[in-house]
$ cat coords.txt   # compact mmCIF, C-alpha atoms
# COMPACT_ATOMS: atom_id res chain seq x y z
CA ASN A 1 8.11 2.94 -44.92
CA THR A 2 5.85 5.55 -46.52
CA LEU A 3 4.69 7.04 -43.21
CA ASP A 4 7.99 8.64 -42.10
CA MET A 5 7.78 7.65 -38.41
CA GLN A 6 10.94 8.35 -36.37
CA GLU A 7 11.89 6.21 -33.34
CA ASP A 8 10.03 8.42 -30.86
CA HIS A 9 7.09 9.14 -33.15
CA GLU A 10 3.57 9.20 -31.78
CA ASP A 11 0.50 10.17 -33.80
CA GLN A 12 -1.23 13.33 -32.67
CA GLU A 13 -4.06 12.89 -35.16
CA GLU A 14 -6.07 9.82 -36.10
CA ARG A 15 -5.31 8.01 -39.38
CA VAL A 16 -8.33 6.84 -41.37
CA PHE A 17 -7.83 3.91 -43.74
CA GLU A 18 -10.26 2.94 -46.51
CA MET A 19 -10.99 -0.79 -46.37
CA MET A 20 -11.74 -2.81 -49.49
CA ARG A 21 -13.60 -6.04 -50.21
CA GLN A 22 -13.56 -7.70 -53.64
CA GLY A 23 -12.16 -4.53 -55.15
CA LYS A 24 -14.86 -2.26 -53.73
CA PRO A 25 -14.92 0.15 -50.74
CA ALA A 26 -16.12 -1.73 -47.65
CA GLY A 27 -15.67 0.72 -44.77
CA LYS A 28 -13.15 2.75 -42.77
CA THR A 29 -10.74 1.88 -39.97
CA THR A 30 -9.25 4.56 -37.70
CA LEU A 31 -5.83 3.94 -36.10
CA LEU A 32 -3.16 5.71 -34.08
CA PHE A 33 0.52 4.73 -34.49
CA SER A 34 3.26 5.06 -31.88
CA ARG A 35 6.91 3.98 -31.79
CA ARG A 36 7.46 4.86 -28.16
CA ALA A 37 8.20 2.11 -25.62
CA VAL A 38 5.02 3.12 -23.81
CA PRO A 39 2.46 5.02 -25.92
CA LYS A 40 0.90 8.11 -24.39
CA GLY A 41 -1.98 7.14 -22.12
CA ALA A 42 -0.97 3.46 -22.01
CA PHE A 43 0.15 1.87 -18.75
CA ALA A 44 3.31 -0.16 -18.32
CA GLY A 45 5.99 -0.40 -15.65
CA THR A 46 5.57 0.35 -11.94
CA LEU A 47 2.31 0.98 -10.11
CA ARG A 48 2.05 1.59 -6.38
CA VAL A 49 -1.46 1.56 -4.96
CA THR A 50 -2.14 3.00 -1.53
CA VAL A 51 -5.34 1.53 -0.14
CA VAL A 52 -6.66 4.42 1.93
CA ARG A 53 -10.00 3.15 3.22
CA ILE A 54 -13.28 1.41 2.48
CA ASP A 55 -16.74 2.72 3.32
CA ALA A 56 -20.46 2.02 2.92
CA PHE A 57 -20.12 -1.78 2.88
CA SER A 58 -22.19 -4.13 5.00
CA ASP A 59 -20.93 -4.37 8.59
CA THR A 60 -21.99 -7.96 9.05
CA ALA A 61 -21.79 -11.27 7.18
CA GLY A 62 -24.59 -12.85 9.16
CA LEU A 63 -26.77 -12.18 12.17
CA MET A 64 -23.88 -11.58 14.58
CA ASP A 65 -20.72 -12.10 12.48
CA ARG A 66 -18.99 -8.72 12.01
CA THR A 67 -16.90 -8.54 8.84
CA ASP A 68 -13.07 -8.71 8.81
CA PRO A 69 -12.35 -6.77 5.60
CA PHE A 70 -9.23 -6.73 3.44
CA ILE A 71 -8.48 -5.64 -0.14
CA SER A 72 -7.09 -7.78 -2.94
CA LEU A 73 -5.55 -6.16 -6.05
CA LYS A 74 -4.74 -8.12 -9.20
CA LEU A 75 -2.72 -6.74 -12.12
CA GLY A 76 -1.83 -9.19 -14.85
CA SER A 77 -0.98 -12.50 -13.18
CA GLU A 78 0.09 -10.91 -9.87
CA THR A 79 -2.20 -10.57 -6.84
CA LEU A 80 -1.38 -8.47 -3.75
CA LYS A 81 -3.40 -8.15 -0.54
CA THR A 82 -3.63 -5.81 2.43
CA SER A 83 -3.80 -7.04 5.99
CA TYR A 84 -7.30 -7.74 7.28
CA LYS A 85 -9.07 -5.66 9.91
CA ASN A 86 -10.54 -7.91 12.59
CA ASN A 87 -14.24 -7.18 13.30
CA ALA A 88 -13.89 -3.72 11.69
CA GLY A 89 -17.11 -3.90 9.69
CA GLY A 90 -17.58 -2.09 6.40
CA HIS A 91 -17.93 1.59 7.30
CA ASN A 92 -15.02 4.05 7.27
CA VAL A 93 -12.31 1.42 7.77
CA ASP A 94 -8.80 2.86 7.33
CA PHE A 95 -5.98 0.79 5.80
CA ASN A 96 -3.28 3.21 4.56
CA GLU A 97 -1.26 0.32 3.12
CA THR A 98 0.80 0.57 -0.10
CA LEU A 99 0.91 -2.38 -2.50
CA SER A 100 3.51 -2.32 -5.29
CA PHE A 101 3.42 -3.84 -8.78
CA LEU A 102 6.80 -3.68 -10.55
CA ASP A 103 7.82 -3.99 -14.21
CA LYS A 104 4.38 -4.79 -15.60
CA PRO A 105 4.14 -5.17 -19.41
CA LEU A 106 1.83 -3.16 -21.67
CA LEU A 107 -0.91 -5.80 -21.65
CA SER A 108 -1.18 -5.62 -17.84
CA ASN A 109 -3.57 -2.68 -17.79
CA ARG A 110 -6.63 -4.15 -16.05
CA LEU A 111 -6.53 -3.63 -12.28
CA GLU A 112 -8.99 -5.89 -10.47
CA ILE A 113 -10.07 -4.54 -7.08
CA ARG A 114 -11.77 -6.88 -4.64
CA VAL A 115 -12.96 -6.19 -1.09
CA LEU A 116 -13.28 -9.44 0.85
CA ASP A 117 -14.33 -10.64 4.28
CA LYS A 118 -11.66 -12.85 5.88
CA ASP A 119 -13.07 -16.24 6.75
CA THR A 120 -11.69 -19.49 8.12
CA VAL A 121 -12.81 -21.69 5.22
CA SER A 122 -12.96 -19.29 2.26
CA ASP A 123 -13.01 -15.51 2.01
CA ASP A 124 -16.34 -13.93 1.06
CA LEU A 125 -16.66 -11.26 -1.64
CA MET A 126 -18.00 -7.94 -0.34
CA GLY A 127 -17.59 -5.96 -3.58
CA GLU A 128 -15.50 -5.68 -6.74
CA CYS A 129 -14.48 -3.26 -9.46
CA ASP A 130 -12.19 -3.37 -12.52
CA VAL A 131 -10.15 -0.34 -13.62
CA ASP A 132 -8.59 0.13 -17.08
CA LEU A 133 -5.28 1.86 -16.24
CA ASN A 134 -4.91 3.03 -19.85
CA THR A 135 -7.81 5.43 -19.29
CA LEU A 136 -6.14 7.18 -16.32
CA ASP A 137 -3.30 8.86 -18.28
CA MET A 138 -0.59 8.35 -15.65
CA GLN A 139 2.90 9.30 -16.82
CA GLU A 140 6.02 7.59 -15.45
CA ASP A 141 6.45 10.08 -12.58
CA HIS A 142 2.74 10.43 -11.86
CA GLU A 143 1.49 10.62 -8.28
CA ASP A 144 -2.10 11.26 -7.24
CA GLN A 145 -2.68 14.50 -5.36
CA GLU A 146 -6.32 13.65 -4.69
CA GLU A 147 -7.92 10.42 -3.58
CA ARG A 148 -9.76 8.26 -6.12
CA VAL A 149 -13.05 6.75 -4.96
CA PHE A 150 -14.23 3.61 -6.75
CA GLU A 151 -17.79 2.29 -6.58
CA MET A 152 -17.75 -1.42 -5.82
CA MET A 153 -20.43 -3.81 -7.06
CA ARG A 154 -21.73 -7.17 -5.87
CA GLN A 155 -24.19 -9.25 -7.87
CA GLY A 156 -24.89 -6.26 -10.08
CA LYS A 157 -25.75 -3.90 -7.21
CA PRO A 158 -23.75 -1.15 -5.42
CA ALA A 159 -21.89 -2.65 -2.45
CA GLY A 160 -19.63 0.10 -1.10
CA LYS A 161 -16.73 2.40 -1.90
CA THR A 162 -12.96 1.91 -1.97
CA THR A 163 -10.58 4.88 -1.80
CA LEU A 164 -7.16 4.54 -3.46
CA LEU A 165 -4.11 6.62 -4.36
CA PHE A 166 -1.99 5.74 -7.41
CA SER A 167 1.71 6.47 -7.79
CA ARG A 168 4.30 5.50 -10.39
CA ARG A 169 7.27 6.91 -8.46
CA ALA A 170 9.94 4.71 -6.90
CA VAL A 171 8.74 5.80 -3.46
CA PRO A 172 5.30 7.48 -3.29
CA LYS A 173 5.04 10.74 -1.37
CA GLY A 174 4.42 10.05 2.30
CA ALA A 175 5.30 6.36 2.00
CA PHE A 176 8.25 4.99 3.96
CA ALA A 177 11.04 2.94 2.41
CA GLY A 178 14.80 2.76 2.84
CA THR A 179 16.76 3.75 5.95
CA LEU A 180 15.35 4.63 9.35
CA ARG A 181 17.49 5.56 12.35
CA VAL A 182 15.64 5.78 15.66
CA THR A 183 17.24 7.51 18.63
CA VAL A 184 15.66 6.32 21.85
CA VAL A 185 15.98 9.41 24.04
CA ARG A 186 14.19 8.42 27.25
CA ILE A 187 11.17 6.80 28.87
CA ASP A 188 9.01 8.33 31.57
CA ALA A 189 5.84 7.80 33.64
CA PHE A 190 6.12 3.98 33.73
CA SER A 191 5.86 1.91 36.90
CA ASP A 192 9.10 1.88 38.92
CA THR A 193 8.60 -1.61 40.26
CA ALA A 194 7.56 -5.03 38.99
CA GLY A 195 6.65 -6.31 42.42
CA LEU A 196 6.84 -5.28 46.05
CA MET A 197 10.58 -4.65 46.05
CA ASP A 198 11.74 -5.54 42.52
CA ARG A 199 12.78 -2.30 40.76
CA THR A 200 12.41 -2.47 36.95
CA ASP A 201 15.37 -2.82 34.55
CA PRO A 202 13.88 -1.19 31.43
CA PHE A 203 14.93 -1.47 27.79
CA ILE A 204 13.27 -0.68 24.45
CA SER A 205 12.60 -3.10 21.58
CA LEU A 206 11.83 -1.79 18.07
CA LYS A 207 10.50 -4.03 15.30
CA LEU A 208 10.24 -2.98 11.63
CA GLY A 209 9.23 -5.67 9.17
CA SER A 210 10.97 -8.88 10.23
CA GLU A 211 13.87 -7.09 11.97
CA THR A 212 14.00 -6.40 15.73
CA LEU A 213 16.53 -4.11 17.42
CA LYS A 214 16.98 -3.47 21.15
CA THR A 215 18.64 -0.92 23.41
CA SER A 216 20.75 -1.88 26.38
CA TYR A 217 18.85 -2.30 29.65
CA LYS A 218 19.12 0.08 32.60
CA ASN A 219 19.69 -1.87 35.82
CA ASN A 220 17.26 -0.90 38.61
CA ALA A 221 16.49 2.39 36.82
CA GLY A 222 12.73 2.22 37.30
CA GLY A 223 10.27 3.82 34.90
CA HIS A 224 10.55 7.57 35.48
CA ASN A 225 12.80 9.88 33.43
CA VAL A 226 15.22 7.13 32.36
CA ASP A 227 17.69 8.37 29.70
CA PHE A 228 18.92 6.05 26.91
CA ASN A 229 20.22 8.25 24.05
CA GLU A 230 20.89 5.17 21.90
CA THR A 231 20.42 5.08 18.11
CA LEU A 232 19.04 1.94 16.42
CA SER A 233 19.34 1.71 12.61
CA PHE A 234 17.11 -0.08 10.11
CA LEU A 235 18.62 -0.20 6.60
CA ASP A 236 17.15 -0.80 3.13
CA LYS A 237 13.62 -1.55 4.28
CA PRO A 238 11.03 -2.19 1.52
CA LEU A 239 7.78 -0.25 1.11
CA LEU A 240 5.70 -2.78 3.00
CA SER A 241 7.85 -2.33 6.14
CA ASN A 242 5.96 0.70 7.40
CA ARG A 243 4.70 -0.49 10.81
CA LEU A 244 7.13 0.28 13.63
CA GLU A 245 6.38 -1.72 16.78
CA ILE A 246 7.68 -0.06 19.95
CA ARG A 247 7.90 -2.11 23.17
CA VAL A 248 9.19 -1.08 26.58
CA LEU A 249 10.20 -4.15 28.59
CA ASP A 250 11.56 -5.03 32.00
CA LYS A 251 14.66 -7.24 31.77
CA ASP A 252 14.13 -10.49 33.63
CA THR A 253 16.10 -13.69 34.11
CA VAL A 254 13.41 -16.05 32.79
CA SER A 255 11.41 -13.88 30.37
CA ASP A 256 11.20 -10.13 29.87
CA ASP A 257 8.00 -8.46 31.09
CA LEU A 258 6.05 -5.99 28.95
CA MET A 259 5.77 -2.52 30.50
CA GLY A 260 4.04 -0.82 27.55
CA GLU A 261 3.68 -0.93 23.77
CA CYS A 262 2.74 1.24 20.81
CA ASP A 263 2.60 0.80 17.02
CA VAL A 264 3.45 3.64 14.60
CA ASP A 265 2.49 3.76 10.91
CA LEU A 266 5.55 5.41 9.30
CA ASN A 267 3.52 6.28 6.20
CA THR A 268 1.59 8.84 8.27
CA LEU A 269 4.71 10.73 9.39
CA ASP A 270 5.64 12.21 5.95
CA MET A 271 9.43 11.81 6.39
CA GLN A 272 11.35 12.63 3.22
CA GLU A 273 14.79 11.15 2.49

$ encode --input "coords.txt" --output "structure tokens"
Amino acid sequence: NTLDMQEDHEDQEERVFEMMRQGKPAGKTTLLFSRRAVPKGAFAGTLRVTVVRIDAFSDTAGLMDRTDPFISLKLGSETLKTSYKNNAGGHNVDFNETLSFLDKPLLSNRLEIRVLDKDTVSDDLMGECDVDLNTLDMQEDHEDQEERVFEMMRQGKPAGKTTLLFSRRAVPKGAFAGTLRVTVVRIDAFSDTAGLMDRTDPFISLKLGSETLKTSYKNNAGGHNVDFNETLSFLDKPLLSNRLEIRVLDKDTVSDDLMGECDVDLNTLDMQE
């Protein structure tokens, strides 16, 4: 009551308190007081971590066994993981995946970063690093403009480097979430036939997250300069739905035949709302 601290008060200067023991001075304690929901410099709330890449790790986990790396992030009691990269090794491996922690309390400030090698029985540790988020001074609308490179350790020795981007925005810059409408304009330069005389009946399948949408098929249209001009709409997709799978198929009575495929990482396209 004697300190006159309003509801949004936050100390700008340290307070030094004289400590006593048995009626005599015993030492000094220095404190900072804050009445804000989240004190300046302290982390709480949302954190989105874009795992950019790893580098300088070992490429093998044995004589001939090339590593299948992935990244595990733990904040508080929650653990999130990237996909694993089959036989990618440990040098300059790109991920570009965003992992999101939501509504974390003040005490959840220790981010545990682990790089692991995917294994059938149990995953093997390639390197690890802990980050105190309170030391990074990220405000509620913070978004990294430059990559952060973290040195990873294993058994007390340098093991490699992990590059991350931190964001506290609802949707980080460059990351896809929400609505996506895809207009399939045309296909071209595919094979016109699926046999000696069987002309292809092409259509396009798009998959985003767990949802798959398809165009109509074009009867006996072949594979050259075939117009569709159909719009397929994905609505309210979460951040992790960033991989668009594009398939061109030939309609068949028994099972459709693949004519060609391509995957697109929507995070790399920098499409604003």

$ residues_around --input "coords.txt" --residues "region 227-242 of chain A" --least-positions-apart "5" --cutoff "6 Å" --atoms "all atoms listed in the file" --output "JSON, numbers by chain"
{"A": [176, 177, 178, 179, 180, 181, 182, 183, 184, 185, 186, 209, 265, 266]}

$ residues_around --input "coords.txt" --residues "region 60-69 of chain A" --least-positions-apart "2" --cutoff "9 Å" --atoms "all atoms listed in the file" --output "list in words"
Ile54, Phe57, Ser58, Ile71, Ser83, Tyr84, Lys85, Asn86, Asn87, Ala88, Gly89, Gly90, Val93, Val115, Leu116, Asp117, Lys118, Asp119, Asp124 and Met126 of chain A

$ write_last_selection --input "coords.txt" --atoms "C-alpha atoms" --output "PDB file, in the frame of the given file"
ATOM      1  CA  ILE A  54     -13.280   1.410   2.480  1.00  0.00           C
ATOM      2  CA  PHE A  57     -20.120  -1.780   2.880  1.00  0.00           C
ATOM      3  CA  SER A  58     -22.190  -4.130   5.000  1.00  0.00           C
ATOM      4  CA  ILE A  71      -8.480  -5.640  -0.140  1.00  0.00           C
ATOM      5  CA  SER A  83      -3.800  -7.040   5.990  1.00  0.00           C
ATOM      6  CA  TYR A  84      -7.300  -7.740   7.280  1.00  0.00           C
ATOM      7  CA  LYS A  85      -9.070  -5.660   9.910  1.00  0.00           C
ATOM      8  CA  ASN A  86     -10.540  -7.910  12.590  1.00  0.00           C
ATOM      9  CA  ASN A  87     -14.240  -7.180  13.300  1.00  0.00           C
ATOM     10  CA  ALA A  88     -13.890  -3.720  11.690  1.00  0.00           C
ATOM     11  CA  GLY A  89     -17.110  -3.900   9.690  1.00  0.00           C
ATOM     12  CA  GLY A  90     -17.580  -2.090   6.400  1.00  0.00           C
ATOM     13  CA  VAL A  93     -12.310   1.420   7.770  1.00  0.00           C
ATOM     14  CA  VAL A 115     -12.960  -6.190  -1.090  1.00  0.00           C
ATOM     15  CA  LEU A 116     -13.280  -9.440   0.850  1.00  0.00           C
ATOM     16  CA  ASP A 117     -14.330 -10.640   4.280  1.00  0.00           C
ATOM     17  CA  LYS A 118     -11.660 -12.850   5.880  1.00  0.00           C
ATOM     18  CA  ASP A 119     -13.070 -16.240   6.750  1.00  0.00           C
ATOM     19  CA  ASP A 124     -16.340 -13.930   1.060  1.00  0.00           C
ATOM     20  CA  MET A 126     -18.000  -7.940  -0.340  1.00  0.00           C
TER      21      MET A 126
END

$ atom_distance --input "coords.txt" --atom1 "CA of Ser210 (chain A)" --atom2 "CA of Arg247 (chain A)"
14.9 Å

$ residues_around --input "coords.txt" --residues "Leu47 (chain A)" --least-positions-apart "5" --cutoff "10 Å" --atoms "all atoms listed in the file" --output "ChimeraX atom specification"
/A:75,99-104,133,138,140,142-143,166-170,172

$ atom_distance --input "coords.txt" --atom1 "CA of Phe190 (chain A)" --atom2 "CA of Ser255 (chain A)"
18.9 Å

$ closest_residue --input "coords.txt" --among "A:Gln155, A:Asn92, A:Thr162, A:Ser122" --to "Val51 (chain A)" --atoms "only C-alpha atoms"
A:Thr162

$ build_atoms --input "coords.txt" --residues "region 262-273 of chain A" --atoms "all heavy atoms" --output "PDB file, keeping the file's coordinate frame"
ATOM      1  N   CYS A 262       3.369   0.294  21.723  1.00  0.00           N
ATOM      2  CA  CYS A 262       2.740   1.240  20.810  1.00  0.00           C
ATOM      3  C   CYS A 262       3.186   0.904  19.396  1.00  0.00           C
ATOM      4  O   CYS A 262       4.349   0.539  19.181  1.00  0.00           O
ATOM      5  CB  CYS A 262       3.147   2.675  21.173  1.00  0.00           C
ATOM      6  SG  CYS A 262       2.671   3.932  19.970  1.00  0.00           S
ATOM      7  N   ASP A 263       2.269   0.995  18.422  1.00  0.00           N
ATOM      8  CA  ASP A 263       2.600   0.800  17.020  1.00  0.00           C
ATOM      9  C   ASP A 263       2.483   2.136  16.279  1.00  0.00           C
ATOM     10  O   ASP A 263       1.545   2.900  16.520  1.00  0.00           O
ATOM     11  CB  ASP A 263       1.661  -0.216  16.359  1.00  0.00           C
ATOM     12  CG  ASP A 263       1.892  -1.627  16.878  1.00  0.00           C
ATOM     13  OD1 ASP A 263       2.895  -1.835  17.597  1.00  0.00           O
ATOM     14  OD2 ASP A 263       1.081  -2.513  16.568  1.00  0.00           O
ATOM     15  N   VAL A 264       3.435   2.401  15.372  1.00  0.00           N
ATOM     16  CA  VAL A 264       3.450   3.640  14.600  1.00  0.00           C
ATOM     17  C   VAL A 264       3.454   3.320  13.116  1.00  0.00           C
ATOM     18  O   VAL A 264       4.299   2.546  12.641  1.00  0.00           O
ATOM     19  CB  VAL A 264       4.693   4.497  14.953  1.00  0.00           C
ATOM     20  CG1 VAL A 264       4.722   5.769  14.113  1.00  0.00           C
ATOM     21  CG2 VAL A 264       4.706   4.830  16.435  1.00  0.00           C
ATOM     22  N   ASP A 265       2.508   3.895  12.363  1.00  0.00           N
ATOM     23  CA  ASP A 265       2.490   3.760  10.910  1.00  0.00           C
ATOM     24  C   ASP A 265       3.398   4.841  10.326  1.00  0.00           C
ATOM     25  O   ASP A 265       3.070   6.027  10.333  1.00  0.00           O
ATOM     26  CB  ASP A 265       1.061   3.922  10.379  1.00  0.00           C
ATOM     27  CG  ASP A 265       0.970   3.713   8.876  1.00  0.00           C
ATOM     28  OD1 ASP A 265       2.026   3.573   8.217  1.00  0.00           O
ATOM     29  OD2 ASP A 265      -0.164   3.704   8.344  1.00  0.00           O
ATOM     30  N   LEU A 266       4.572   4.445   9.817  1.00  0.00           N
ATOM     31  CA  LEU A 266       5.550   5.410   9.300  1.00  0.00           C
ATOM     32  C   LEU A 266       5.036   6.169   8.093  1.00  0.00           C
ATOM     33  O   LEU A 266       5.510   7.275   7.807  1.00  0.00           O
ATOM     34  CB  LEU A 266       6.857   4.690   8.962  1.00  0.00           C
ATOM     35  CG  LEU A 266       7.558   3.993  10.141  1.00  0.00           C
ATOM     36  CD1 LEU A 266       8.798   3.265   9.651  1.00  0.00           C
ATOM     37  CD2 LEU A 266       7.910   4.985  11.230  1.00  0.00           C
ATOM     38  N   ASN A 267       4.080   5.597   7.368  1.00  0.00           N
ATOM     39  CA  ASN A 267       3.520   6.280   6.200  1.00  0.00           C
ATOM     40  C   ASN A 267       2.789   7.567   6.584  1.00  0.00           C
ATOM     41  O   ASN A 267       2.603   8.457   5.753  1.00  0.00           O
ATOM     42  CB  ASN A 267       2.562   5.361   5.444  1.00  0.00           C
ATOM     43  CG  ASN A 267       3.275   4.268   4.677  1.00  0.00           C
ATOM     44  OD1 ASN A 267       4.494   4.309   4.540  1.00  0.00           O
ATOM     45  ND2 ASN A 267       2.539   3.296   4.196  1.00  0.00           N
ATOM     46  N   THR A 268       2.363   7.653   7.840  1.00  0.00           N
ATOM     47  CA  THR A 268       1.590   8.840   8.270  1.00  0.00           C
ATOM     48  C   THR A 268       2.489   9.971   8.736  1.00  0.00           C
ATOM     49  O   THR A 268       1.997  11.074   9.018  1.00  0.00           O
ATOM     50  CB  THR A 268       0.636   8.463   9.419  1.00  0.00           C
ATOM     51  OG1 THR A 268       1.402   8.091  10.575  1.00  0.00           O
ATOM     52  CG2 THR A 268      -0.282   7.312   9.022  1.00  0.00           C
ATOM     53  N   LEU A 269       3.804   9.738   8.818  1.00  0.00           N
ATOM     54  CA  LEU A 269       4.710  10.730   9.390  1.00  0.00           C
ATOM     55  C   LEU A 269       5.317  11.670   8.353  1.00  0.00           C
ATOM     56  O   LEU A 269       5.922  12.680   8.709  1.00  0.00           O
ATOM     57  CB  LEU A 269       5.824  10.033  10.165  1.00  0.00           C
ATOM     58  CG  LEU A 269       5.365   9.116  11.303  1.00  0.00           C
ATOM     59  CD1 LEU A 269       6.572   8.561  12.042  1.00  0.00           C
ATOM     60  CD2 LEU A 269       4.434   9.838  12.264  1.00  0.00           C
ATOM     61  N   ASP A 270       5.171  11.346   7.048  1.00  0.00           N
ATOM     62  CA  ASP A 270       5.640  12.210   5.950  1.00  0.00           C
ATOM     63  C   ASP A 270       7.106  12.599   6.156  1.00  0.00           C
ATOM     64  O   ASP A 270       7.461  13.763   6.247  1.00  0.00           O
ATOM     65  CB  ASP A 270       4.762  13.450   5.842  1.00  0.00           C
ATOM     66  CG  ASP A 270       5.026  14.188   4.516  1.00  0.00           C
ATOM     67  OD1 ASP A 270       5.607  13.586   3.596  1.00  0.00           O
ATOM     68  OD2 ASP A 270       4.658  15.375   4.429  1.00  0.00           O
ATOM     69  N   MET A 271       7.987  11.576   6.230  1.00  0.00           N
ATOM     70  CA  MET A 271       9.430  11.810   6.390  1.00  0.00           C
ATOM     71  C   MET A 271      10.122  11.620   5.044  1.00  0.00           C
ATOM     72  O   MET A 271      10.187  10.523   4.523  1.00  0.00           O
ATOM     73  CB  MET A 271      10.009  10.829   7.412  1.00  0.00           C
ATOM     74  CG  MET A 271       9.395  10.950   8.805  1.00  0.00           C
ATOM     75  SD  MET A 271      10.221   9.857  10.001  1.00  0.00           S
ATOM     76  CE  MET A 271       9.721   8.228   9.391  1.00  0.00           C
ATOM     77  N   GLN A 272      10.624  12.707   4.475  1.00  0.00           N
ATOM     78  CA  GLN A 272      11.350  12.630   3.220  1.00  0.00           C
ATOM     79  C   GLN A 272      12.752  12.085   3.459  1.00  0.00           C
ATOM     80  O   GLN A 272      13.210  11.947   4.602  1.00  0.00           O
ATOM     81  CB  GLN A 272      11.433  14.019   2.573  1.00  0.00           C
ATOM     82  CG  GLN A 272      10.086  14.652   2.312  1.00  0.00           C
ATOM     83  CD  GLN A 272       9.162  13.796   1.470  1.00  0.00           C
ATOM     84  OE1 GLN A 272       9.575  13.274   0.433  1.00  0.00           O
ATOM     85  NE2 GLN A 272       7.921  13.622   1.912  1.00  0.00           N
ATOM     86  N   GLU A 273      13.467  11.767   2.361  1.00  0.00           N
ATOM     87  CA  GLU A 273      14.790  11.150   2.490  1.00  0.00           C
ATOM     88  C   GLU A 273      15.779  12.067   3.183  1.00  0.00           C
ATOM     89  O   GLU A 273      16.688  11.594   3.843  1.00  0.00           O
ATOM     90  CB  GLU A 273      15.317  10.753   1.095  1.00  0.00           C
ATOM     91  CG  GLU A 273      14.556   9.589   0.481  1.00  0.00           C
ATOM     92  CD  GLU A 273      15.194   9.095  -0.803  1.00  0.00           C
ATOM     93  OE1 GLU A 273      16.298   9.577  -1.148  1.00  0.00           O
ATOM     94  OE2 GLU A 273      14.624   8.217  -1.469  1.00  0.00           O
TER      95      GLU A 273
END
